[in-house]
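Content type mmCIF, C-alpha atoms, from the file entry-v4.cif:
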data_model
#
loop_
_atom_site.group_PDB
_atom_site.id
_atom_site.type_symbol
_atom_site.label_atom_id
_atom_site.label_comp_id
_atom_site.auth_asym_id
_atom_site.auth_seq_id
_atom_site.Cartn_x
_atom_site.Cartn_y
_atom_site.Cartn_z
ATOM 1 C CA MET A 1299 15.977 9.185 14.523
ATOM 2 C CA LEU A 1300 18.170 8.805 17.604
ATOM 3 C CA GLU A 1301 15.729 10.773 19.775
ATOM 4 C CA MET A 1302 13.095 9.135 21.932
ATOM 5 C CA PRO A 1303 9.914 8.354 19.945
ATOM 6 C CA PHE A 1304 7.806 10.830 21.911
ATOM 7 C CA VAL A 1305 10.099 13.810 21.192
ATOM 8 C CA GLY A 1306 9.594 16.309 18.383
ATOM 9 C CA ILE A 1307 7.088 16.817 15.598
ATOM 10 C CA GLY A 1308 5.742 13.532 14.264
ATOM 11 C CA SER A 1309 6.764 12.322 10.808
ATOM 12 C CA PHE A 1310 6.891 8.914 9.156
ATOM 13 C CA PHE A 1311 9.796 7.024 10.776
ATOM 14 C CA ARG A 1312 11.116 10.329 12.138
ATOM 15 C CA THR A 1313 12.351 11.362 8.695
ATOM 16 C CA ASP A 1314 12.709 14.999 7.699
ATOM 17 C CA LEU A 1315 9.573 16.899 6.705
ATOM 18 C CA ARG A 1316 10.063 18.485 3.282
ATOM 19 C CA ASP A 1317 8.124 21.102 1.348
ATOM 20 C CA ARG A 1318 10.704 21.049 -1.465
ATOM 21 C CA TRP A 1319 11.342 17.841 -3.377
ATOM 22 C CA GLU A 1320 14.613 18.477 -5.208
ATOM 23 C CA ASP A 1321 16.715 16.318 -2.895
ATOM 24 C CA VAL A 1322 14.184 13.516 -2.294
ATOM 25 C CA ASP A 1323 14.185 10.068 -3.915
ATOM 26 C CA ILE A 1324 11.440 8.332 -1.925
ATOM 27 C CA ALA A 1325 8.474 10.371 -0.728
ATOM 28 C CA LEU A 1326 6.449 9.254 2.291
ATOM 29 C CA VAL A 1327 2.908 10.576 1.836
ATOM 30 C CA GLY A 1328 -0.348 10.584 3.764
ATOM 31 C CA VAL A 1329 -3.760 10.543 2.079
ATOM 32 C CA PRO A 1330 -6.272 11.254 4.866
ATOM 33 C CA THR A 1331 -9.604 10.391 3.303
ATOM 34 C CA ASP A 1332 -12.180 7.654 3.779
ATOM 35 C CA VAL A 1333 -14.946 9.043 1.604
ATOM 36 C CA GLY A 1334 -14.684 5.864 -0.510
ATOM 37 C CA LEU A 1335 -15.613 3.515 2.336
ATOM 38 C CA SER A 1336 -18.662 1.269 2.291
ATOM 39 C CA HIS A 1337 -18.552 0.142 5.940
ATOM 40 C CA ARG A 1338 -17.003 1.460 9.171
ATOM 41 C CA PRO A 1339 -15.459 4.923 8.762
ATOM 42 C CA GLY A 1340 -12.266 6.209 10.357
ATOM 43 C CA ALA A 1341 -9.444 5.495 7.882
ATOM 44 C CA ARG A 1342 -9.064 9.239 7.323
ATOM 45 C CA TYR A 1343 -7.126 9.201 10.597
ATOM 46 C CA GLY A 1344 -4.840 6.413 9.380
ATOM 47 C CA PRO A 1345 -1.873 8.553 8.240
ATOM 48 C CA GLN A 1346 -1.856 10.471 11.511
ATOM 49 C CA ALA A 1347 -1.902 7.262 13.572
ATOM 50 C CA MET A 1348 0.751 5.536 11.457
ATOM 51 C CA ARG A 1349 3.039 8.551 11.726
ATOM 52 C CA PHE A 1350 2.743 8.379 15.503
ATOM 53 C CA GLN A 1351 3.354 4.632 15.738
ATOM 54 C CA SER A 1352 6.192 4.718 13.211
ATOM 55 C CA GLY A 1353 8.294 6.479 15.836
ATOM 56 C CA LEU A 1354 8.704 3.029 17.421
ATOM 57 C CA ILE A 1355 10.356 1.675 14.255
ATOM 58 C CA ARG A 1356 14.082 2.319 14.195
ATOM 59 C CA TYR A 1357 16.290 3.061 11.208
ATOM 60 C CA ILE A 1358 17.394 -0.531 10.483
ATOM 61 C CA ASN A 1359 15.241 -3.485 9.470
ATOM 62 C CA PRO A 1360 16.037 -6.076 12.158
ATOM 63 C CA PHE A 1361 15.232 -9.001 9.841
ATOM 64 C CA THR A 1362 16.818 -8.036 6.505
ATOM 65 C CA ARG A 1363 19.394 -5.595 7.963
ATOM 66 C CA VAL A 1364 18.412 -3.043 5.312
ATOM 67 C CA ILE A 1365 18.870 0.631 6.212
ATOM 68 C CA PRO A 1366 16.725 2.390 3.600
ATOM 69 C CA TYR A 1367 18.186 5.816 4.406
ATOM 70 C CA GLU A 1368 21.612 4.642 3.234
ATOM 71 C CA LEU A 1369 20.169 3.618 -0.141
ATOM 72 C CA ALA A 1370 17.940 6.586 -0.970
ATOM 73 C CA ARG A 1371 17.042 10.080 0.182
ATOM 74 C CA VAL A 1372 13.803 9.548 2.094
ATOM 75 C CA ALA A 1373 11.518 12.288 3.399
ATOM 76 C CA ASP A 1374 7.969 12.829 4.618
ATOM 77 C CA ILE A 1375 6.399 15.272 2.168
ATOM 78 C CA GLY A 1376 3.177 15.612 4.146
ATOM 79 C CA ASP A 1377 -0.422 14.853 3.258
ATOM 80 C CA VAL A 1378 -2.336 15.277 0.046
ATOM 81 C CA SER A 1379 -4.536 18.322 0.584
ATOM 82 C CA ILE A 1380 -8.069 17.359 -0.477
ATOM 83 C CA GLU A 1381 -10.564 20.185 -0.855
ATOM 84 C CA ASN A 1382 -13.517 18.033 -1.913
ATOM 85 C CA ILE A 1383 -13.567 15.860 1.175
ATOM 86 C CA PHE A 1384 -17.284 15.035 0.783
ATOM 87 C CA HIS A 1385 -17.186 14.328 -2.966
ATOM 88 C CA LEU A 1386 -15.508 11.050 -3.884
ATOM 89 C CA ASP A 1387 -15.133 11.576 -7.626
ATOM 90 C CA ARG A 1388 -13.538 15.010 -7.172
ATOM 91 C CA ALA A 1389 -11.295 13.767 -4.355
ATOM 92 C CA VAL A 1390 -9.986 11.078 -6.727
ATOM 93 C CA ASP A 1391 -9.088 13.807 -9.234
ATOM 94 C CA GLU A 1392 -7.217 15.770 -6.569
ATOM 95 C CA ILE A 1393 -5.225 12.722 -5.471
ATOM 96 C CA PHE A 1394 -4.385 11.955 -9.091
ATOM 97 C CA ALA A 1395 -3.154 15.517 -9.690
ATOM 98 C CA PHE A 1396 -0.895 15.346 -6.615
ATOM 99 C CA TYR A 1397 0.686 12.061 -7.670
ATOM 100 C CA GLN A 1398 1.149 13.326 -11.202
ATOM 101 C CA ARG A 1399 3.439 15.942 -9.670
ATOM 102 C CA VAL A 1400 5.179 13.302 -7.567
ATOM 103 C CA HIS A 1401 5.764 11.117 -10.626
ATOM 104 C CA ALA A 1402 6.911 14.043 -12.781
ATOM 105 C CA ALA A 1403 9.455 14.918 -10.086
ATOM 106 C CA GLY A 1404 10.898 11.401 -10.313
ATOM 107 C CA LEU A 1405 9.917 10.467 -6.759
ATOM 108 C CA VAL A 1406 8.988 6.972 -5.598
ATOM 109 C CA PRO A 1407 5.878 7.311 -3.393
ATOM 110 C CA VAL A 1408 5.228 5.161 -0.340
ATOM 111 C CA THR A 1409 1.805 6.115 0.971
ATOM 112 C CA ALA A 1410 -0.312 5.758 4.093
ATOM 113 C CA GLY A 1411 -4.075 5.842 3.585
ATOM 114 C CA GLY A 1412 -6.880 6.452 3.833
ATOM 115 C CA ASP A 1413 -9.237 3.876 2.390
ATOM 116 C CA HIS A 1414 -8.368 1.686 -0.578
ATOM 117 C CA SER A 1415 -10.022 4.000 -3.097
ATOM 118 C CA ILE A 1416 -6.829 6.118 -2.969
ATOM 119 C CA THR A 1417 -4.811 3.460 -4.810
ATOM 120 C CA TYR A 1418 -6.644 3.943 -8.107
ATOM 121 C CA PRO A 1419 -5.580 7.587 -8.661
ATOM 122 C CA ILE A 1420 -2.040 6.753 -7.506
ATOM 123 C CA LEU A 1421 -1.807 3.953 -10.068
ATOM 124 C CA LYS A 1422 -3.283 6.244 -12.706
ATOM 125 C CA ALA A 1423 -0.420 8.690 -12.156
ATOM 126 C CA LEU A 1424 2.370 6.107 -11.929
ATOM 127 C CA ALA A 1425 1.164 4.166 -14.990
ATOM 128 C CA ALA A 1426 1.794 7.132 -17.288
ATOM 129 C CA ASP A 1427 4.761 5.197 -18.712
ATOM 130 C CA GLY A 1428 2.809 1.974 -19.217
ATOM 131 C CA PRO A 1429 0.857 -0.597 -17.202
ATOM 132 C CA LEU A 1430 2.363 -1.823 -13.942
ATOM 133 C CA ALA A 1431 2.586 -5.172 -12.237
ATOM 134 C CA LEU A 1432 0.745 -5.291 -8.918
ATOM 135 C CA ILE A 1433 1.168 -7.188 -5.662
ATOM 136 C CA HIS A 1434 -2.054 -6.779 -3.709
ATOM 137 C CA PHE A 1435 -2.447 -7.900 -0.087
ATOM 138 C CA ASP A 1436 -6.105 -7.907 0.931
ATOM 139 C CA THR A 1437 -9.067 -9.810 2.291
ATOM 140 C CA HIS A 1438 -11.111 -8.560 -0.666
ATOM 141 C CA HIS A 1439 -10.594 -8.632 -4.439
ATOM 142 C CA ASP A 1440 -11.665 -4.978 -4.830
ATOM 143 C CA THR A 1441 -12.902 -5.740 -8.341
ATOM 144 C CA THR A 1442 -16.618 -5.015 -7.932
ATOM 145 C CA GLY A 1443 -18.538 -2.604 -10.132
ATOM 146 C CA PRO A 1444 -20.080 0.793 -9.321
ATOM 147 C CA LEU A 1445 -21.829 1.111 -5.964
ATOM 148 C CA LYS A 1446 -24.360 3.698 -4.784
ATOM 149 C CA GLY A 1447 -23.641 6.093 -7.622
ATOM 150 C CA SER A 1448 -19.848 5.914 -7.843
ATOM 151 C CA ARG A 1449 -17.329 3.654 -9.553
ATOM 152 C CA PHE A 1450 -14.481 4.935 -7.365
ATOM 153 C CA HIS A 1451 -15.370 3.326 -4.016
ATOM 154 C CA HIS A 1452 -12.808 1.203 -2.164
ATOM 155 C CA GLY A 1453 -14.220 -2.064 -3.477
ATOM 156 C CA ALA A 1454 -13.699 -1.185 -7.145
ATOM 157 C CA THR A 1455 -10.093 0.032 -7.170
ATOM 158 C CA PHE A 1456 -8.502 -2.774 -9.150
ATOM 159 C CA ARG A 1457 -11.414 -3.302 -11.519
ATOM 160 C CA ASN A 1458 -10.982 0.341 -12.527
ATOM 161 C CA ALA A 1459 -7.220 -0.084 -12.810
ATOM 162 C CA ILE A 1460 -7.556 -3.168 -15.029
ATOM 163 C CA GLU A 1461 -10.270 -1.691 -17.243
ATOM 164 C CA GLU A 1462 -8.185 1.449 -17.804
ATOM 165 C CA GLY A 1463 -4.964 -0.439 -18.511
ATOM 166 C CA LEU A 1464 -3.130 0.890 -15.461
ATOM 167 C CA ILE A 1465 -2.080 -2.571 -14.310
ATOM 168 C CA ASP A 1466 -1.471 -5.753 -16.261
ATOM 169 C CA PRO A 1467 -3.806 -8.375 -14.754
ATOM 170 C CA LYS A 1468 -1.531 -11.198 -15.918
ATOM 171 C CA ARG A 1469 1.247 -9.663 -13.795
ATOM 172 C CA THR A 1470 -1.061 -9.044 -10.832
ATOM 173 C CA VAL A 1471 -1.178 -11.174 -7.686
ATOM 174 C CA GLN A 1472 -3.741 -10.990 -4.877
ATOM 175 C CA ILE A 1473 -2.696 -12.516 -1.551
ATOM 176 C CA GLY A 1474 -4.746 -13.383 1.539
ATOM 177 C CA ILE A 1475 -8.153 -13.315 -0.134
ATOM 178 C CA ARG A 1476 -11.128 -14.567 1.889
ATOM 179 C CA ASP A 1477 -13.699 -12.223 0.403
ATOM 180 C CA PRO A 1478 -17.276 -12.474 1.763
ATOM 181 C CA TYR A 1479 -18.344 -10.783 -1.485
ATOM 182 C CA GLY A 1480 -16.231 -13.090 -3.623
ATOM 183 C CA GLU A 1481 -19.118 -14.321 -5.720
ATOM 184 C CA ILE A 1482 -19.502 -10.733 -6.958
ATOM 185 C CA ALA A 1483 -15.841 -9.744 -7.327
ATOM 186 C CA ARG A 1484 -13.869 -12.923 -8.033
ATOM 187 C CA PRO A 1485 -15.308 -13.703 -11.508
ATOM 188 C CA PHE A 1486 -13.960 -10.425 -12.873
ATOM 189 C CA ALA A 1487 -10.502 -10.983 -11.341
ATOM 190 C CA GLU A 1488 -10.221 -14.536 -12.643
ATOM 191 C CA ALA A 1489 -11.557 -13.669 -16.103
ATOM 192 C CA ALA A 1490 -9.001 -10.865 -16.368
ATOM 193 C CA GLY A 1491 -6.152 -13.260 -15.562
ATOM 194 C CA VAL A 1492 -5.286 -12.139 -12.017
ATOM 195 C CA THR A 1493 -3.395 -14.714 -9.924
ATOM 196 C CA VAL A 1494 -5.434 -15.186 -6.747
ATOM 197 C CA ILE A 1495 -3.751 -16.710 -3.689
ATOM 198 C CA ASP A 1496 -6.586 -17.040 -1.219
ATOM 199 C CA MET A 1497 -6.042 -18.073 2.394
ATOM 200 C CA ALA A 1498 -6.851 -21.721 1.729
ATOM 201 C CA THR A 1499 -4.219 -21.800 -1.011
ATOM 202 C CA PHE A 1500 -1.705 -19.993 1.183
ATOM 203 C CA ASP A 1501 -2.282 -22.474 4.000
ATOM 204 C CA GLU A 1502 -1.722 -25.358 1.607
ATOM 205 C CA ASP A 1503 1.276 -23.915 -0.257
ATOM 206 C CA GLY A 1504 3.139 -22.211 2.587
ATOM 207 C CA LEU A 1505 5.433 -19.184 2.554
ATOM 208 C CA ALA A 1506 8.187 -20.328 0.237
ATOM 209 C CA LYS A 1507 5.886 -21.480 -2.567
ATOM 210 C CA THR A 1508 3.746 -18.346 -2.200
ATOM 211 C CA VAL A 1509 6.777 -16.086 -2.582
ATOM 212 C CA GLU A 1510 7.953 -18.111 -5.572
ATOM 213 C CA ARG A 1511 4.558 -17.758 -7.274
ATOM 214 C CA ILE A 1512 4.502 -14.005 -6.693
ATOM 215 C CA ARG A 1513 7.998 -13.553 -8.104
ATOM 216 C CA ASN A 1514 7.206 -15.713 -11.142
ATOM 217 C CA VAL A 1515 4.103 -13.655 -11.950
ATOM 218 C CA VAL A 1516 5.752 -10.249 -11.509
ATOM 219 C CA GLY A 1517 9.118 -11.093 -13.072
ATOM 220 C CA THR A 1518 11.244 -8.078 -13.943
ATOM 221 C CA SER A 1519 8.279 -5.706 -14.399
ATOM 222 C CA ARG A 1520 7.870 -2.413 -12.589
ATOM 223 C CA VAL A 1521 5.689 -3.355 -9.640
ATOM 224 C CA TYR A 1522 3.478 -1.513 -7.176
ATOM 225 C CA ILE A 1523 2.641 -3.028 -3.763
ATOM 226 C CA SER A 1524 -0.741 -2.273 -2.203
ATOM 227 C CA PHE A 1525 -1.257 -3.535 1.343
ATOM 228 C CA ASP A 1526 -4.747 -3.419 2.833
ATOM 229 C CA VAL A 1527 -4.273 -3.953 6.560
ATOM 230 C CA ASP A 1528 -7.425 -6.098 6.691
ATOM 231 C CA VAL A 1529 -5.391 -8.882 5.054
ATOM 232 C CA LEU A 1530 -4.132 -9.452 8.594
ATOM 233 C CA ASP A 1531 -6.299 -11.465 10.944
ATOM 234 C CA PRO A 1532 -8.335 -9.170 13.241
ATOM 235 C CA ALA A 1533 -6.339 -10.592 16.159
ATOM 236 C CA TYR A 1534 -3.407 -8.570 14.761
ATOM 237 C CA ALA A 1535 -5.306 -5.711 13.106
ATOM 238 C CA PRO A 1536 -8.730 -5.070 14.659
ATOM 239 C CA GLY A 1537 -8.695 -1.397 13.698
ATOM 240 C CA THR A 1538 -9.979 -1.573 10.157
ATOM 241 C CA GLY A 1539 -13.260 -0.957 8.390
ATOM 242 C CA THR A 1540 -14.035 -4.438 7.049
ATOM 243 C CA PRO A 1541 -12.313 -7.065 9.240
ATOM 244 C CA VAL A 1542 -12.641 -10.742 8.297
ATOM 245 C CA VAL A 1543 -11.466 -13.538 10.592
ATOM 246 C CA GLY A 1544 -8.877 -16.028 9.333
ATOM 247 C CA GLY A 1545 -6.184 -13.832 7.809
ATOM 248 C CA LEU A 1546 -2.412 -13.622 7.755
ATOM 249 C CA THR A 1547 -0.383 -13.073 10.880
ATOM 250 C CA SER A 1548 1.831 -10.012 11.007
ATOM 251 C CA ARG A 1549 4.876 -12.271 10.844
ATOM 252 C CA GLU A 1550 3.614 -14.107 7.750
ATOM 253 C CA ALA A 1551 2.933 -10.829 5.947
ATOM 254 C CA MET A 1552 6.400 -9.526 6.813
ATOM 255 C CA ARG A 1553 8.069 -12.724 5.619
ATOM 256 C CA ILE A 1554 6.245 -12.520 2.286
ATOM 257 C CA LEU A 1555 7.435 -8.941 1.888
ATOM 258 C CA HIS A 1556 10.988 -9.974 2.784
ATOM 259 C CA GLY A 1557 10.764 -12.525 -0.019
ATOM 260 C CA LEU A 1558 10.131 -9.771 -2.572
ATOM 261 C CA ARG A 1559 13.617 -8.263 -2.303
ATOM 262 C CA GLY A 1560 15.134 -7.582 -5.714
ATOM 263 C CA LEU A 1561 11.849 -6.810 -7.482
ATOM 264 C CA ASP A 1562 11.590 -3.468 -9.301
ATOM 265 C CA VAL A 1563 9.325 -1.765 -6.740
ATOM 266 C CA ILE A 1564 8.270 1.703 -7.924
ATOM 267 C CA GLY A 1565 5.834 2.540 -5.115
ATOM 268 C CA GLY A 1566 3.426 1.180 -2.574
ATOM 269 C CA ASP A 1567 0.769 1.940 -0.015
ATOM 270 C CA VAL A 1568 -0.741 0.734 3.246
ATOM 271 C CA VAL A 1569 -4.451 1.460 3.584
ATOM 272 C CA GLU A 1570 -7.576 0.948 5.707
ATOM 273 C CA VAL A 1571 -6.039 1.555 9.158
ATOM 274 C CA SER A 1572 -8.969 2.905 11.183
ATOM 275 C CA PRO A 1573 -7.883 4.372 14.551
ATOM 276 C CA PRO A 1574 -11.422 4.642 16.026
ATOM 277 C CA PHE A 1575 -11.512 0.811 16.060
ATOM 278 C CA ASP A 1576 -7.887 0.504 17.217
ATOM 279 C CA PRO A 1577 -7.888 1.397 20.925
ATOM 280 C CA THR A 1578 -4.374 0.069 21.627
ATOM 281 C CA GLY A 1579 -2.794 1.462 18.457
ATOM 282 C CA MET A 1580 -1.543 -1.975 17.413
ATOM 283 C CA THR A 1581 -3.221 -1.864 13.997
ATOM 284 C CA ALA A 1582 -1.509 1.443 13.259
ATOM 285 C CA LEU A 1583 1.781 -0.076 14.418
ATOM 286 C CA ALA A 1584 1.262 -3.069 12.122
ATOM 287 C CA GLY A 1585 0.436 -0.688 9.277
ATOM 288 C CA ALA A 1586 3.550 1.388 9.948
ATOM 289 C CA GLN A 1587 5.673 -1.770 10.009
ATOM 290 C CA MET A 1588 4.311 -2.907 6.634
ATOM 291 C CA MET A 1589 4.941 0.593 5.291
ATOM 292 C CA PHE A 1590 8.538 0.333 6.521
ATOM 293 C CA GLU A 1591 8.929 -3.050 4.802
ATOM 294 C CA ILE A 1592 7.698 -1.530 1.526
ATOM 295 C CA LEU A 1593 10.059 1.426 2.065
ATOM 296 C CA CYS A 1594 12.985 -0.997 2.412
ATOM 297 C CA LEU A 1595 11.994 -2.768 -0.820
ATOM 298 C CA ALA A 1596 11.591 0.542 -2.642
ATOM 299 C CA ALA A 1597 14.948 1.815 -1.385
ATOM 300 C CA GLU A 1598 16.776 -1.305 -2.550
ATOM 301 C CA ALA A 1599 15.046 -1.087 -5.946
ATOM 302 C CA HIS A 1600 15.936 2.602 -6.236
ATOM 303 C CA ALA A 1601 19.593 1.880 -5.476
ATOM 304 C CA GLN A 1602 19.629 -0.879 -8.092
ATOM 305 C CA ARG A 1603 18.126 1.388 -10.770
ATOM 306 C CA ALA A 1604 20.635 4.122 -9.896
ATOM 307 C CA LYS A 1605 23.472 1.607 -10.232
ATOM 308 C CA GLN A 1606 22.229 0.485 -13.644
ATOM 309 C CA THR A 1607 22.046 4.061 -14.969
ATOM 310 C CA SER A 1608 25.366 5.271 -13.517
#
Kindly transcribe the structure held in the file into C-alpha cells.
Amino acid sequence: MLEMPFVGIGSFFRTDLRDRWEDVDIALVGVPTDVGLSHRPGARYGPQAMRFQSGLIRYINPFTRVIPYELARVADIGDVSIENIFHLDRAVDEIFAFYQRVHAAGLVPVTAGGDHSITYPILKALAADGPLALIHFDTHHDTTGPLKGSRFHHGATFRNAIEEGLIDPKRTVQIGIRDPYGEIARPFAEAAGVTVIDMATFDEDGLAKTVERIRNVVGTSRVYISFDVDVLDPAYAPGTGTPVVGGLTSREAMRILHGLRGLDVIGGDVVEVSPPFDPTGMTALAGAQMMFEILCLAAEAHAQRAKQTS
C-alpha cells in the first residue's frame, strides 16, 4: 500500500490477493457480469476499473480516520468465475453458489459489480441465518416484476429478495430514488413497507435527518448495504447504464455512509459502474470510494462483533 498506485498487480485498495481464505475476515470480490442489464451494457468491466482506480485510495479514511486493515484481515479474493455468461438464470445460480462458500467460511463480502442483478444471489446466500435489513442507495426501486422472460434482471432484485424473505422490508431503506419507472415499481415497495427516501424528501430533510431515519429503521439488525452508482448525479458518475439527472453528490453519499458507523454491517456492494461510458475513470473512482466507505463500516462492525464474542 506504500507503493505508487501504478506499480504492481492491481487489487482492490492494493490489498493482498488470496486464493486461500483461512486468514481472511473481509473478502473483496468482483462479479464481472452485466447479463442482467436492460439498458446500456458495460458493467461487466466495473470490477476491473474499480480495482485500478482504488489504487488512488490510501489505507486511512481521511474523514473518519478509520484504518480498516487494523480492524480486520482484508484481502482481494478475486472474481466470481461465471461459466454461463450468456444465461442470466444460470449465472445467478453460480453467483449464489460462490457466496454460499464465502458465507460458510465466515467471511464478510464487500463486492464490486457488475449490474444490480448480482445483489439478489448475494443476499440469498447471506440470508441463510434469517432475513437481513437493507440500506439501498439507488435512482431506481428495483422492485419491478419479470421482464423479457426473466425475473432476475437488475430491475427486480429487491422484489425477489422481499418475496423470498431474504430481506425484511420494514427494515429496508431506499435512498436517492428518482425512478422514471416509479409508477411500476414504487407501489410494490410501499405496499411491502419499505422506507423510501426519494430525492425530494432528501432535499427537504437534509443529511442529519436522513441518517437518523435510516438508523431508526435498521436498528440493531444485521444489515447489508447495496450502492448503485447511478444514485449519484451524472455530473459525478456519468459512467453507468441508466443515469438520471438530479441525484446525490459524491460528498452527500459519503456523509450518509459516515453516519452509518456502529451499525451491524455484514456485507455490501457497489454496482453499475460502466467503464465504456466513463472516459475519465471518475465514475470508477467514485465507485471505489464508496466501496472503501462500506469496507470501513464492515471492518468496524467486524471488530465490534469480535469484541462481543471474546
- Between A:Phe1590, A:Phe1456, A:Trp1319, A:Phe1450, which is the closest to A:Tyr1367 once you count only C-alpha atoms?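 Among the listed residues, the smallest separation from A:Tyr1367 belongs to A:Phe1590.
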- Item | From A:Pro1303, A:Gly1585, A:Gly1565, A:Gly1560, residue lying nearest A:Pro1536 [all atoms listed in the file] |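 Comparing A:Pro1303, A:Gly1585, A:Gly1565, A:Gly1560 against A:Pro1536, the winner is A:Gly1585.
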- Task: Using the chain letters and numbers from the file, give me the residues hit by the PyMOL selection byres ((chain A and resi 1529) around 9), as a ChimeraX atom specification.
- Result: /A:1435-1438,1473-1476,1525-1528,1530-1532,1535,1541-1542,1545-1547,1551
Coordinates of box centre and edge lengths for stretch 1587-1599 of chain A, 5 Å on every side, axis-aligned, as AutoDock Vina command-line options:
--center_x 10.5 --center_y -0.6 --center_z 2.0 --size_x 22.5 --size_y 14.9 --size_z 26.0
- How would you write, as JSON, numbers by chain, the residues chosen by the PyMOL selection byres ((chain A and resi 1579-1582) around 10) on this structure? {"A": [1343, 1344, 1345, 1346, 1347, 1348, 1349, 1350, 1351, 1352, 1527, 1528, 1530, 1532, 1533, 1534, 1535, 1536, 1537, 1538, 1570, 1571, 1572, 1573, 1574, 1575, 1576, 1577, 1578, 1583, 1584, 1585, 1586, 1587, 1588]}
- Message: Between atom CA of A:Thr1331 and atom CA of A:Gln1398, what distance in Å does the model show, to one decimal?
- Response: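 It comes out at 18.3 Å.
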Give me the residues near stretch 1358-1362 of chain A as an mmCIF file with C-alpha atoms, keeping the file's coordinate frame, where near means some atom within 10 Å (using all atoms listed in the file) and where sequence neighbours in that chain fewer than 2 positions away do not count.
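Final output, saved to out_39.cif:
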data_model
loop_
_atom_site.group_PDB
_atom_site.id
_atom_site.type_symbol
_atom_site.label_atom_id
_atom_site.label_comp_id
_atom_site.auth_asym_id
_atom_site.auth_seq_id
_atom_site.Cartn_x
_atom_site.Cartn_y
_atom_site.Cartn_z
ATOM 1 C CA ILE A 1355 10.356 1.675 14.255
ATOM 2 C CA ARG A 1356 14.082 2.319 14.195
ATOM 3 C CA VAL A 1364 18.412 -3.043 5.312
ATOM 4 C CA ILE A 1365 18.870 0.631 6.212
ATOM 5 C CA PRO A 1366 16.725 2.390 3.600
ATOM 6 C CA TYR A 1367 18.186 5.816 4.406
ATOM 7 C CA GLU A 1368 21.612 4.642 3.234
ATOM 8 C CA MET A 1552 6.400 -9.526 6.813
ATOM 9 C CA ARG A 1553 8.069 -12.724 5.619
ATOM 10 C CA HIS A 1556 10.988 -9.974 2.784
ATOM 11 C CA GLY A 1557 10.764 -12.525 -0.019
ATOM 12 C CA ARG A 1559 13.617 -8.263 -2.303
ATOM 13 C CA GLN A 1587 5.673 -1.770 10.009
ATOM 14 C CA PHE A 1590 8.538 0.333 6.521
ATOM 15 C CA GLU A 1591 8.929 -3.050 4.802
ATOM 16 C CA CYS A 1594 12.985 -0.997 2.412
#
- Task: Would you translate the PyMOL selection byres ((chain A and resi 1373-1390) around 9) into the concrete set of residues it matches in this file, as number ranges by chain?
- Result: A: 1309-1319, 1322-1334, 1345, 1371-1372, 1391-1397, 1415-1416, 1418-1419, 1448-1451
- Item | Which residue of A:Asn1458, A:Asp1440, A:Asp1562, A:Leu1593 approaches A:Tyr1357 most closely, using all atoms listed in the file |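 Smallest separation from A:Tyr1357 among the options: A:Leu1593.
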- Query: Which residue, A:Gly1353, A:Gly1340, A:Pro1467, A:Gly1504, has the smallest gap to A:Ile1433 when you use all atoms listed in the file?
  - Reply: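 Nearest candidate to A:Ile1433 out of A:Gly1353, A:Gly1340, A:Pro1467, A:Gly1504: A:Pro1467.
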- Query: For A:Val1492, which of A:Ala1601, A:Leu1354, A:Ile1512, A:Ala1402 is the closest residue, counting all atoms listed in the file?
  - Reply: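 Using all atoms listed in the file, the shortest distance to A:Val1492 belongs to A:Ile1512.
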- Item | Counting all atoms listed in the file, the residue of A:Thr1470, A:Glu1550, A:Asp1321, A:Ala1604 that sits nearest A:Asn1514 | A:Thr1470
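The coordinates place atom CA of A:Ile1523 at 15.1 Å from atom CA of A:Asp1413.
Atom CA of A:Val1406 is found 21.2 Å from atom CA of A:Arg1363.
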- Could you give me, as a list in words, the residues within 10 Å of A:Gly1517, counting all atoms listed in the file and dropping anything in the same chain fewer than 4 positions from it?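 In the requested format, the answer is Ala1431, Arg1469, Arg1511, Ile1512, Arg1513, Val1521, Leu1561 and Asp1562 of chain A.
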